[in-house]
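Structure file my_file-v3.cif (mmCIF, C-alpha atoms; chains and numbers go by the auth columns) follows.
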data_model
#
loop_
_atom_site.group_PDB
_atom_site.id
_atom_site.type_symbol
_atom_site.label_atom_id
_atom_site.label_comp_id
_atom_site.label_asym_id
_atom_site.label_seq_id
_atom_site.Cartn_x
_atom_site.Cartn_y
_atom_site.Cartn_z
_atom_site.B_iso_or_equiv
_atom_site.auth_seq_id
_atom_site.auth_asym_id
ATOM 1 C CA ILE A 1 -1.707 26.878 1.185 0.00 1 A
ATOM 2 C CA ALA A 2 0.785 27.097 -1.695 0.00 2 A
ATOM 3 C CA ALA A 3 1.854 23.452 -1.275 0.00 3 A
ATOM 4 C CA THR A 4 -1.761 22.257 -1.114 0.00 4 A
ATOM 5 C CA GLU A 5 -2.704 24.258 -4.201 0.00 5 A
ATOM 6 C CA ARG A 6 0.244 22.839 -6.140 0.00 6 A
ATOM 7 C CA ILE A 7 -0.644 19.255 -5.241 0.00 7 A
ATOM 8 C CA LEU A 8 -4.299 19.749 -6.210 0.00 8 A
ATOM 9 C CA SER A 9 -3.228 21.423 -9.444 0.00 9 A
ATOM 10 C CA ARG A 10 -0.897 18.482 -10.208 0.00 10 A
ATOM 11 C CA ILE A 11 -3.774 16.019 -9.573 0.00 11 A
ATOM 12 C CA GLU A 12 -6.111 17.942 -11.910 0.00 12 A
ATOM 13 C CA ILE A 13 -3.613 18.494 -14.728 0.00 13 A
ATOM 14 C CA SER A 14 -2.212 14.939 -14.701 0.00 14 A
ATOM 15 C CA THR A 15 -5.771 13.537 -14.670 0.00 15 A
ATOM 16 C CA ASN A 16 -6.777 15.708 -17.643 0.00 16 A
ATOM 17 C CA TYR A 17 -3.665 14.658 -19.563 0.00 17 A
ATOM 18 C CA LYS A 18 -4.113 10.980 -18.578 0.00 18 A
ATOM 19 C CA LYS A 19 -0.758 10.843 -16.779 0.00 19 A
ATOM 20 C CA THR A 20 -1.974 8.971 -13.682 0.00 20 A
ATOM 21 C CA GLY A 21 0.299 6.150 -12.589 0.00 21 A
ATOM 22 C CA THR A 22 3.457 8.045 -13.600 0.00 22 A
ATOM 23 C CA LEU A 23 5.907 10.340 -11.803 0.00 23 A
ATOM 24 C CA GLU A 24 4.359 13.248 -13.715 0.00 24 A
ATOM 25 C CA ALA A 25 1.164 12.712 -11.702 0.00 25 A
ATOM 26 C CA GLY A 26 2.927 13.287 -8.360 0.00 26 A
ATOM 27 C CA GLY A 27 5.720 15.198 -6.666 0.00 27 A
ATOM 28 C CA PHE A 28 7.212 16.022 -3.285 0.00 28 A
ATOM 29 C CA VAL A 29 6.948 18.846 -0.786 0.00 29 A
ATOM 30 C CA TRP A 30 9.994 19.892 1.244 0.00 30 A
ATOM 31 C CA HIS A 31 8.701 21.396 4.477 0.00 31 A
ATOM 32 C CA THR A 32 11.016 21.644 7.449 0.00 32 A
ATOM 33 C CA THR A 33 10.268 19.868 10.733 0.00 33 A
ATOM 34 C CA GLY A 34 7.921 21.897 12.940 0.00 34 A
ATOM 35 C CA SER A 35 6.351 23.844 10.067 0.00 35 A
ATOM 36 C CA GLY A 36 3.038 21.985 10.081 0.00 36 A
ATOM 37 C CA LYS A 37 3.493 19.127 7.595 0.00 37 A
ATOM 38 C CA THR A 38 0.677 17.089 9.162 0.00 38 A
ATOM 39 C CA LEU A 39 -1.828 19.961 8.894 0.00 39 A
ATOM 40 C CA THR A 40 -0.787 20.602 5.284 0.00 40 A
ATOM 41 C CA SER A 41 -1.046 16.930 4.329 0.00 41 A
ATOM 42 C CA PHE A 42 -4.408 16.623 6.089 0.00 42 A
ATOM 43 C CA LYS A 43 -5.907 19.632 4.324 0.00 43 A
ATOM 44 C CA THR A 44 -4.525 18.320 1.028 0.00 44 A
ATOM 45 C CA SER A 45 -6.084 14.890 1.696 0.00 45 A
ATOM 46 C CA GLN A 46 -9.417 16.474 2.602 0.00 46 A
ATOM 47 C CA LEU A 47 -9.530 18.678 -0.499 0.00 47 A
ATOM 48 C CA ALA A 48 -8.362 15.824 -2.747 0.00 48 A
ATOM 49 C CA THR A 49 -11.279 13.629 -1.602 0.00 49 A
ATOM 50 C CA ALA A 50 -13.621 16.462 -2.589 0.00 50 A
ATOM 51 C CA LEU A 51 -12.535 16.088 -6.235 0.00 51 A
ATOM 52 C CA PRO A 52 -15.377 14.153 -7.915 0.00 52 A
ATOM 53 C CA TYR A 53 -13.105 11.678 -9.716 0.00 53 A
ATOM 54 C CA ILE A 54 -10.904 10.725 -6.711 0.00 54 A
ATOM 55 C CA ASP A 55 -12.051 7.510 -5.016 0.00 55 A
ATOM 56 C CA LYS A 56 -9.644 7.391 -2.061 0.00 56 A
ATOM 57 C CA VAL A 57 -6.769 9.184 -0.390 0.00 57 A
ATOM 58 C CA LEU A 58 -4.261 6.983 1.441 0.00 58 A
ATOM 59 C CA PHE A 59 -2.088 8.790 3.948 0.00 59 A
ATOM 60 C CA VAL A 60 0.905 6.508 4.481 0.00 60 A
ATOM 61 C CA VAL A 61 3.185 6.844 7.485 0.00 61 A
ATOM 62 C CA ASP A 62 6.375 4.953 8.231 0.00 62 A
ATOM 63 C CA ARG A 63 6.466 4.165 11.928 0.00 63 A
ATOM 64 C CA LYS A 64 3.759 2.453 13.920 0.00 64 A
ATOM 65 C CA ASP A 65 3.699 5.155 16.598 0.00 65 A
ATOM 66 C CA LEU A 66 3.148 7.796 13.926 0.00 66 A
ATOM 67 C CA ASP A 67 -0.030 6.009 12.884 0.00 67 A
ATOM 68 C CA TYR A 68 -1.871 6.831 16.119 0.00 68 A
ATOM 69 C CA GLN A 69 -0.198 10.221 16.455 0.00 69 A
ATOM 70 C CA THR A 70 -1.291 11.247 12.939 0.00 70 A
ATOM 71 C CA MET A 71 -4.771 9.891 13.587 0.00 71 A
ATOM 72 C CA LYS A 72 -5.038 12.098 16.707 0.00 72 A
ATOM 73 C CA GLU A 73 -3.725 15.108 14.774 0.00 73 A
ATOM 74 C CA TYR A 74 -6.236 14.513 11.965 0.00 74 A
ATOM 75 C CA ASP A 75 -9.044 14.159 14.493 0.00 75 A
ATOM 76 C CA ARG A 76 -8.082 17.511 16.009 0.00 76 A
ATOM 77 C CA PHE A 77 -8.515 19.203 12.630 0.00 77 A
ATOM 78 C CA ALA A 78 -11.817 17.515 11.765 0.00 78 A
ATOM 79 C CA LYS A 79 -13.487 14.976 14.043 0.00 79 A
ATOM 80 C CA GLY A 80 -13.925 11.576 12.405 0.00 80 A
ATOM 81 C CA ALA A 81 -12.556 12.772 9.052 0.00 81 A
ATOM 82 C CA ALA A 82 -9.973 10.022 8.758 0.00 82 A
ATOM 83 C CA ASN A 83 -10.160 6.266 9.133 0.00 83 A
ATOM 84 C CA GLY A 84 -7.232 4.775 11.036 0.00 84 A
ATOM 85 C CA ASN A 85 -6.660 1.033 11.134 0.00 85 A
ATOM 86 C CA THR A 86 -5.141 -1.264 13.706 0.00 86 A
ATOM 87 C CA SER A 87 -4.715 -4.277 11.438 0.00 87 A
ATOM 88 C CA THR A 88 -4.343 -5.190 7.769 0.00 88 A
ATOM 89 C CA ARG A 89 -7.800 -6.806 7.905 0.00 89 A
ATOM 90 C CA ILE A 90 -9.348 -3.491 8.955 0.00 90 A
ATOM 91 C CA LEU A 91 -7.295 -1.726 6.263 0.00 91 A
ATOM 92 C CA GLN A 92 -8.760 -4.120 3.681 0.00 92 A
ATOM 93 C CA LYS A 93 -12.316 -3.375 4.866 0.00 93 A
ATOM 94 C CA GLN A 94 -11.668 0.345 4.571 0.00 94 A
ATOM 95 C CA LEU A 95 -10.172 -0.024 1.094 0.00 95 A
ATOM 96 C CA GLU A 96 -13.319 -1.921 0.063 0.00 96 A
ATOM 97 C CA ASN A 97 -15.681 0.599 1.685 0.00 97 A
ATOM 98 C CA PRO A 98 -16.618 3.391 -0.781 0.00 98 A
ATOM 99 C CA ASP A 99 -17.463 5.725 2.147 0.00 99 A
ATOM 100 C CA ALA A 100 -13.959 5.503 3.689 0.00 100 A
ATOM 101 C CA LYS A 101 -12.422 8.352 1.711 0.00 101 A
ATOM 102 C CA ILE A 102 -9.329 9.189 3.782 0.00 102 A
ATOM 103 C CA ILE A 103 -7.411 6.215 5.160 0.00 103 A
ATOM 104 C CA ILE A 104 -4.363 6.531 7.420 0.00 104 A
ATOM 105 C CA THR A 105 -2.112 3.483 7.349 0.00 105 A
ATOM 106 C CA THR A 106 1.492 2.514 7.918 0.00 106 A
ATOM 107 C CA ILE A 107 3.544 1.498 4.905 0.00 107 A
ATOM 108 C CA GLN A 108 4.093 -1.873 6.612 0.00 108 A
ATOM 109 C CA LYS A 109 0.323 -2.626 6.675 0.00 109 A
ATOM 110 C CA LEU A 110 -0.067 -1.527 3.088 0.00 110 A
ATOM 111 C CA ASP A 111 2.817 -3.821 2.155 0.00 111 A
ATOM 112 C CA VAL A 112 1.135 -6.806 3.864 0.00 112 A
ATOM 113 C CA PHE A 113 -2.152 -5.992 2.102 0.00 113 A
ATOM 114 C CA ILE A 114 -0.419 -5.919 -1.310 0.00 114 A
ATOM 115 C CA ARG A 115 1.424 -9.187 -0.604 0.00 115 A
ATOM 116 C CA LYS A 116 -1.823 -10.941 0.369 0.00 116 A
ATOM 117 C CA ASN A 117 -3.892 -9.420 -2.446 0.00 117 A
ATOM 118 C CA LYS A 118 -2.187 -9.748 -5.807 0.00 118 A
ATOM 119 C CA ILE A 119 -5.456 -8.754 -7.466 0.00 119 A
ATOM 120 C CA HIS A 120 -7.909 -6.312 -5.881 0.00 120 A
ATOM 121 C CA ASP A 121 -10.473 -3.782 -7.092 0.00 121 A
ATOM 122 C CA VAL A 122 -8.777 -0.899 -5.252 0.00 122 A
ATOM 123 C CA TYR A 123 -5.771 -1.121 -7.592 0.00 123 A
ATOM 124 C CA LYS A 124 -7.974 0.132 -10.449 0.00 124 A
ATOM 125 C CA LYS A 125 -9.509 2.962 -8.413 0.00 125 A
ATOM 126 C CA HIS A 126 -8.385 6.562 -8.821 0.00 126 A
ATOM 127 C CA VAL A 127 -6.311 7.028 -5.652 0.00 127 A
ATOM 128 C CA VAL A 128 -3.998 9.633 -4.170 0.00 128 A
ATOM 129 C CA LEU A 129 -1.140 8.267 -2.039 0.00 129 A
ATOM 130 C CA ILE A 130 0.435 10.790 0.333 0.00 130 A
ATOM 131 C CA PHE A 131 3.610 9.667 2.107 0.00 131 A
ATOM 132 C CA ASP A 132 4.600 11.361 5.341 0.00 132 A
ATOM 133 C CA GLU A 133 8.375 11.625 5.870 0.00 133 A
ATOM 134 C CA CYS A 134 8.934 10.134 2.426 0.00 134 A
ATOM 135 C CA HIS A 135 12.727 9.874 2.758 0.00 135 A
ATOM 136 C CA ARG A 136 12.550 6.743 4.948 0.00 136 A
ATOM 137 C CA SER A 137 11.709 3.138 4.037 0.00 137 A
ATOM 138 C CA GLN A 138 9.561 4.139 1.073 0.00 138 A
ATOM 139 C CA PHE A 139 12.679 4.029 -1.087 0.00 139 A
ATOM 140 C CA GLY A 140 12.846 0.273 -0.705 0.00 140 A
ATOM 141 C CA GLU A 141 10.930 -2.653 -2.091 0.00 141 A
ATOM 142 C CA MET A 142 7.637 -1.634 -0.490 0.00 142 A
ATOM 143 C CA HIS A 143 7.583 1.593 -2.475 0.00 143 A
ATOM 144 C CA GLN A 144 8.081 -0.343 -5.697 0.00 144 A
ATOM 145 C CA LYS A 145 5.393 -2.902 -4.823 0.00 145 A
ATOM 146 C CA ILE A 146 2.910 -0.132 -4.189 0.00 146 A
ATOM 147 C CA ILE A 147 3.581 1.622 -7.487 0.00 147 A
ATOM 148 C CA LYS A 148 3.497 -1.702 -9.347 0.00 148 A
ATOM 149 C CA SER A 149 0.133 -2.729 -7.855 0.00 149 A
ATOM 150 C CA PHE A 150 -1.819 0.509 -8.172 0.00 150 A
ATOM 151 C CA ARG A 151 -2.650 1.594 -11.720 0.00 151 A
ATOM 152 C CA ASN A 152 -4.526 4.873 -11.549 0.00 152 A
ATOM 153 C CA TYR A 153 -2.656 6.778 -8.856 0.00 153 A
ATOM 154 C CA HIS A 154 -0.979 10.036 -7.878 0.00 154 A
ATOM 155 C CA ILE A 155 1.911 9.750 -5.420 0.00 155 A
ATOM 156 C CA PHE A 156 3.057 12.657 -3.239 0.00 156 A
ATOM 157 C CA GLY A 157 5.740 12.791 -0.557 0.00 157 A
ATOM 158 C CA PHE A 158 6.211 15.223 2.326 0.00 158 A
ATOM 159 C CA THR A 159 9.675 15.468 3.843 0.00 159 A
ATOM 160 C CA GLY A 160 11.772 17.724 6.040 0.00 160 A
ATOM 161 C CA THR A 161 14.981 16.141 4.749 0.00 161 A
ATOM 162 C CA PRO A 162 14.820 15.320 1.041 0.00 162 A
ATOM 163 C CA ILE A 163 17.516 13.153 -0.494 0.00 163 A
ATOM 164 C CA PHE A 164 19.370 14.723 -3.399 0.00 164 A
ATOM 165 C CA ALA A 165 22.096 13.166 -5.527 0.00 165 A
ATOM 166 C CA LYS A 166 24.834 14.734 -3.410 0.00 166 A
ATOM 167 C CA ASN A 167 23.575 13.305 -0.080 0.00 167 A
ATOM 168 C CA SER A 168 22.226 9.932 -1.273 0.00 168 A
ATOM 169 C CA GLY A 169 23.735 6.729 0.114 0.00 169 A
ATOM 170 C CA SER A 170 25.583 4.148 -1.930 0.00 170 A
ATOM 171 C CA GLY A 171 23.526 1.051 -0.970 0.00 171 A
ATOM 172 C CA GLY A 172 20.060 -0.121 -2.017 0.00 172 A
ATOM 173 C CA ASN A 173 18.263 0.231 -5.298 0.00 173 A
ATOM 174 C CA PRO A 174 20.163 2.579 -7.634 0.00 174 A
ATOM 175 C CA LEU A 175 16.867 3.699 -9.198 0.00 175 A
ATOM 176 C CA PHE A 176 15.553 5.125 -5.935 0.00 176 A
ATOM 177 C CA LYS A 177 18.445 7.204 -4.740 0.00 177 A
ATOM 178 C CA THR A 178 16.805 10.629 -4.600 0.00 178 A
ATOM 179 C CA THR A 179 13.416 11.891 -3.462 0.00 179 A
ATOM 180 C CA GLU A 180 12.793 13.194 -6.988 0.00 180 A
ATOM 181 C CA GLN A 181 13.432 9.778 -8.553 0.00 181 A
ATOM 182 C CA ALA A 182 10.875 8.187 -6.245 0.00 182 A
ATOM 183 C CA PHE A 183 8.196 10.883 -6.118 0.00 183 A
ATOM 184 C CA GLY A 184 8.661 13.263 -9.046 0.00 184 A
ATOM 185 C CA ASP A 185 9.124 17.044 -9.148 0.00 185 A
ATOM 186 C CA LYS A 186 9.643 19.242 -6.114 0.00 186 A
ATOM 187 C CA LEU A 187 6.338 21.106 -5.842 0.00 187 A
ATOM 188 C CA HIS A 188 6.991 23.411 -2.904 0.00 188 A
ATOM 189 C CA THR A 189 9.786 24.286 -0.474 0.00 189 A
ATOM 190 C CA TYR A 190 9.707 25.747 3.028 0.00 190 A
ATOM 191 C CA THR A 191 13.146 25.277 4.559 0.00 191 A
ATOM 192 C CA ILE A 192 14.518 25.767 8.081 0.00 192 A
ATOM 193 C CA VAL A 193 15.820 29.184 6.945 0.00 193 A
ATOM 194 C CA ASP A 194 12.277 30.243 5.936 0.00 194 A
ATOM 195 C CA ALA A 195 10.878 28.926 9.223 0.00 195 A
ATOM 196 C CA ILE A 196 13.485 30.825 11.285 0.00 196 A
ATOM 197 C CA ASN A 197 12.842 34.043 9.319 0.00 197 A
ATOM 198 C CA ASP A 198 9.095 33.666 9.936 0.00 198 A
ATOM 199 C CA ALA A 199 9.745 32.911 13.658 0.00 199 A
ATOM 200 C CA ASN A 200 7.906 29.582 13.286 0.00 200 A
ATOM 201 C CA VAL A 201 10.722 27.547 14.828 0.00 201 A
ATOM 202 C CA LEU A 202 13.447 28.423 17.327 0.00 202 A
ATOM 203 C CA PRO A 203 16.544 29.893 15.673 0.00 203 A
ATOM 204 C CA PHE A 204 20.037 28.449 15.975 0.00 204 A
ATOM 205 C CA ARG A 205 22.611 30.461 17.831 0.00 205 A
ATOM 206 C CA ILE A 206 25.926 30.266 16.056 0.00 206 A
ATOM 207 C CA ASP A 207 29.119 31.524 17.663 0.00 207 A
ATOM 208 C CA PHE A 208 32.329 31.680 15.668 0.00 208 A
ATOM 209 C CA ILE A 209 35.333 30.950 17.903 0.00 209 A
ATOM 210 C CA ASN A 210 38.715 31.880 16.480 0.00 210 A
ATOM 211 C CA THR A 211 41.381 29.380 17.446 0.00 211 A
ATOM 212 C CA ILE A 212 45.152 29.725 17.130 0.00 212 A
#

Structure encoded using structure tokens:
Amino acid sequence: IAATERILSRIEISTNYKKTGTLEAGGFVWHTTGSGKTLTSFKTSQLATALPYIDKVLFVVDRKDLDYQTMKEYDRFAKGAANGNTSTRILQKQLENPDAKIIITTIQKLDVFIRKNKIHDVYKKHVVLIFDECHRSQFGEMHQKIIKSFRNYHIFGFTGTPIFAKNSGSGGNPLFKTTEQAFGDKLHTYTIVDAINDANVLPFRIDFINTI
């Protein structure tokens, strides 16, 4: 609830202050694995589409198997609420359909769409992009293409393992080393420690063995 409220608040404030299309219009949520990231992102997507000025919410996943899995999860929460797509052609139809409010797609399909459509009406629309597991391939060229193509957007990332300066790798684009550099401020945190304390995930058992 707190994470969803913070994202919606960020959308409203950045829209009022005309900050769309910048890092100030987005942010990331650090929720540990098993704490219900999909439910949180779904509810956020649903509530974001209810805002009168938002045209579309794109829920972007990284792996192809996640696409169907997320679709099933979304369908469990609200039947027919989301529009999945099996090809870039179908994705294009959904992006052009004003009634398709929530679209689930893989980052790969979105990348193909952007490559094939240098100019498209959807780039001017007021869109919210929500990235699931945003620490993966989104740090690469695809992420940059997406933020270069869309004009009037908010970008949010959900991750269980954010990348900070101290654990970032040495390769790739130096501008996209950390989750914060790619997505903006950290909006909410629910770590493995919180989840264990709340008995939401199984605890670790740690034994200290003294050796000679």

Starting from the point (-0.2, 12.8, -7.5), work out which residues of protein, DNA or RNA have an atom no more than 10 Å away when counting all atoms listed in the file; state them as a ChimeraX atom specification. /A:7-15,19-28,48,127-130,152-157,183-184

A straight line from atom CA of A:Ile192 to atom CA of A:Gly34 spans 9.1 Å

In Å, how far is it from atom CA of A:Glu133 to atom CA of A:Gln46? 18.7 Å

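If you measure from each of A:Ser149, A:Asn167, A:Val57, A:Asn16 to A:Ser41 using all atoms listed in the file, the closest one turns out to be A:Val57.
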
Shortest contact to A:Phe164, candidates A:Gln181, A:Thr211, A:Ser87, A:Thr49, atoms counted only C-alpha atoms, goes to A:Gln181

Got a minute to add N, CA, C and O atoms to stretch 98-113 of chain A and dump it as an mmCIF file, in the coordinates of the input?
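Output file rebuild_19.cif follows:
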data_model
loop_
_atom_site.group_PDB
_atom_site.id
_atom_site.type_symbol
_atom_site.label_atom_id
_atom_site.label_comp_id
_atom_site.auth_asym_id
_atom_site.auth_seq_id
_atom_site.Cartn_x
_atom_site.Cartn_y
_atom_site.Cartn_z
ATOM 1 N N PRO A 98 -16.632 2.155 0.021
ATOM 2 C CA PRO A 98 -16.618 3.391 -0.781
ATOM 3 C C PRO A 98 -16.759 4.666 0.059
ATOM 4 O O PRO A 98 -16.389 5.757 -0.386
ATOM 5 N N ASP A 99 -17.283 4.533 1.294
ATOM 6 C CA ASP A 99 -17.463 5.725 2.147
ATOM 7 C C ASP A 99 -16.194 6.111 2.905
ATOM 8 O O ASP A 99 -16.098 7.217 3.426
ATOM 9 N N ALA A 100 -15.227 5.179 2.999
ATOM 10 C CA ALA A 100 -13.959 5.503 3.689
ATOM 11 C C ALA A 100 -13.068 6.223 2.687
ATOM 12 O O ALA A 100 -12.396 5.598 1.881
ATOM 13 N N LYS A 101 -13.121 7.550 2.724
ATOM 14 C CA LYS A 101 -12.422 8.352 1.711
ATOM 15 C C LYS A 101 -10.962 8.606 2.075
ATOM 16 O O LYS A 101 -10.081 8.532 1.242
ATOM 17 N N ILE A 102 -10.711 8.958 3.344
ATOM 18 C CA ILE A 102 -9.329 9.189 3.782
ATOM 19 C C ILE A 102 -8.934 8.029 4.693
ATOM 20 O O ILE A 102 -9.593 7.772 5.698
ATOM 21 N N ILE A 103 -7.869 7.345 4.343
ATOM 22 C CA ILE A 103 -7.411 6.215 5.160
ATOM 23 C C ILE A 103 -5.972 6.481 5.594
ATOM 24 O O ILE A 103 -5.112 6.768 4.758
ATOM 25 N N ILE A 104 -5.731 6.401 6.905
ATOM 26 C CA ILE A 104 -4.363 6.531 7.420
ATOM 27 C C ILE A 104 -3.848 5.115 7.663
ATOM 28 O O ILE A 104 -4.505 4.321 8.324
ATOM 29 N N THR A 105 -2.685 4.813 7.134
ATOM 30 C CA THR A 105 -2.112 3.483 7.349
ATOM 31 C C THR A 105 -0.593 3.574 7.398
ATOM 32 O O THR A 105 -0.017 4.532 6.897
ATOM 33 N N THR A 106 0.024 2.553 7.985
ATOM 34 C CA THR A 106 1.492 2.514 7.918
ATOM 35 C C THR A 106 1.876 1.823 6.620
ATOM 36 O O THR A 106 1.111 1.015 6.078
ATOM 37 N N ILE A 107 3.053 2.122 6.141
ATOM 38 C CA ILE A 107 3.544 1.498 4.905
ATOM 39 C C ILE A 107 3.667 -0.013 5.095
ATOM 40 O O ILE A 107 3.450 -0.787 4.162
ATOM 41 N N GLN A 108 3.957 -0.444 6.334
ATOM 42 C CA GLN A 108 4.093 -1.873 6.612
ATOM 43 C C GLN A 108 2.761 -2.607 6.378
ATOM 44 O O GLN A 108 2.721 -3.676 5.801
ATOM 45 N N LYS A 109 1.639 -1.998 6.848
ATOM 46 C CA LYS A 109 0.323 -2.626 6.675
ATOM 47 C C LYS A 109 -0.067 -2.663 5.207
ATOM 48 O O LYS A 109 -0.643 -3.631 4.724
ATOM 49 N N LEU A 110 0.247 -1.584 4.513
ATOM 50 C CA LEU A 110 -0.067 -1.527 3.088
ATOM 51 C C LEU A 110 0.729 -2.592 2.328
ATOM 52 O O LEU A 110 0.215 -3.243 1.419
ATOM 53 N N ASP A 111 1.957 -2.796 2.768
ATOM 54 C CA ASP A 111 2.817 -3.821 2.155
ATOM 55 C C ASP A 111 2.215 -5.214 2.356
ATOM 56 O O ASP A 111 2.154 -6.014 1.418
ATOM 57 N N VAL A 112 1.746 -5.499 3.566
ATOM 58 C CA VAL A 112 1.135 -6.806 3.864
ATOM 59 C C VAL A 112 -0.124 -6.983 3.010
ATOM 60 O O VAL A 112 -0.356 -8.038 2.423
ATOM 61 N N PHE A 113 -0.925 -5.930 2.906
ATOM 62 C CA PHE A 113 -2.152 -5.992 2.102
ATOM 63 C C PHE A 113 -1.822 -6.343 0.646
ATOM 64 O O PHE A 113 -2.458 -7.195 0.041
#
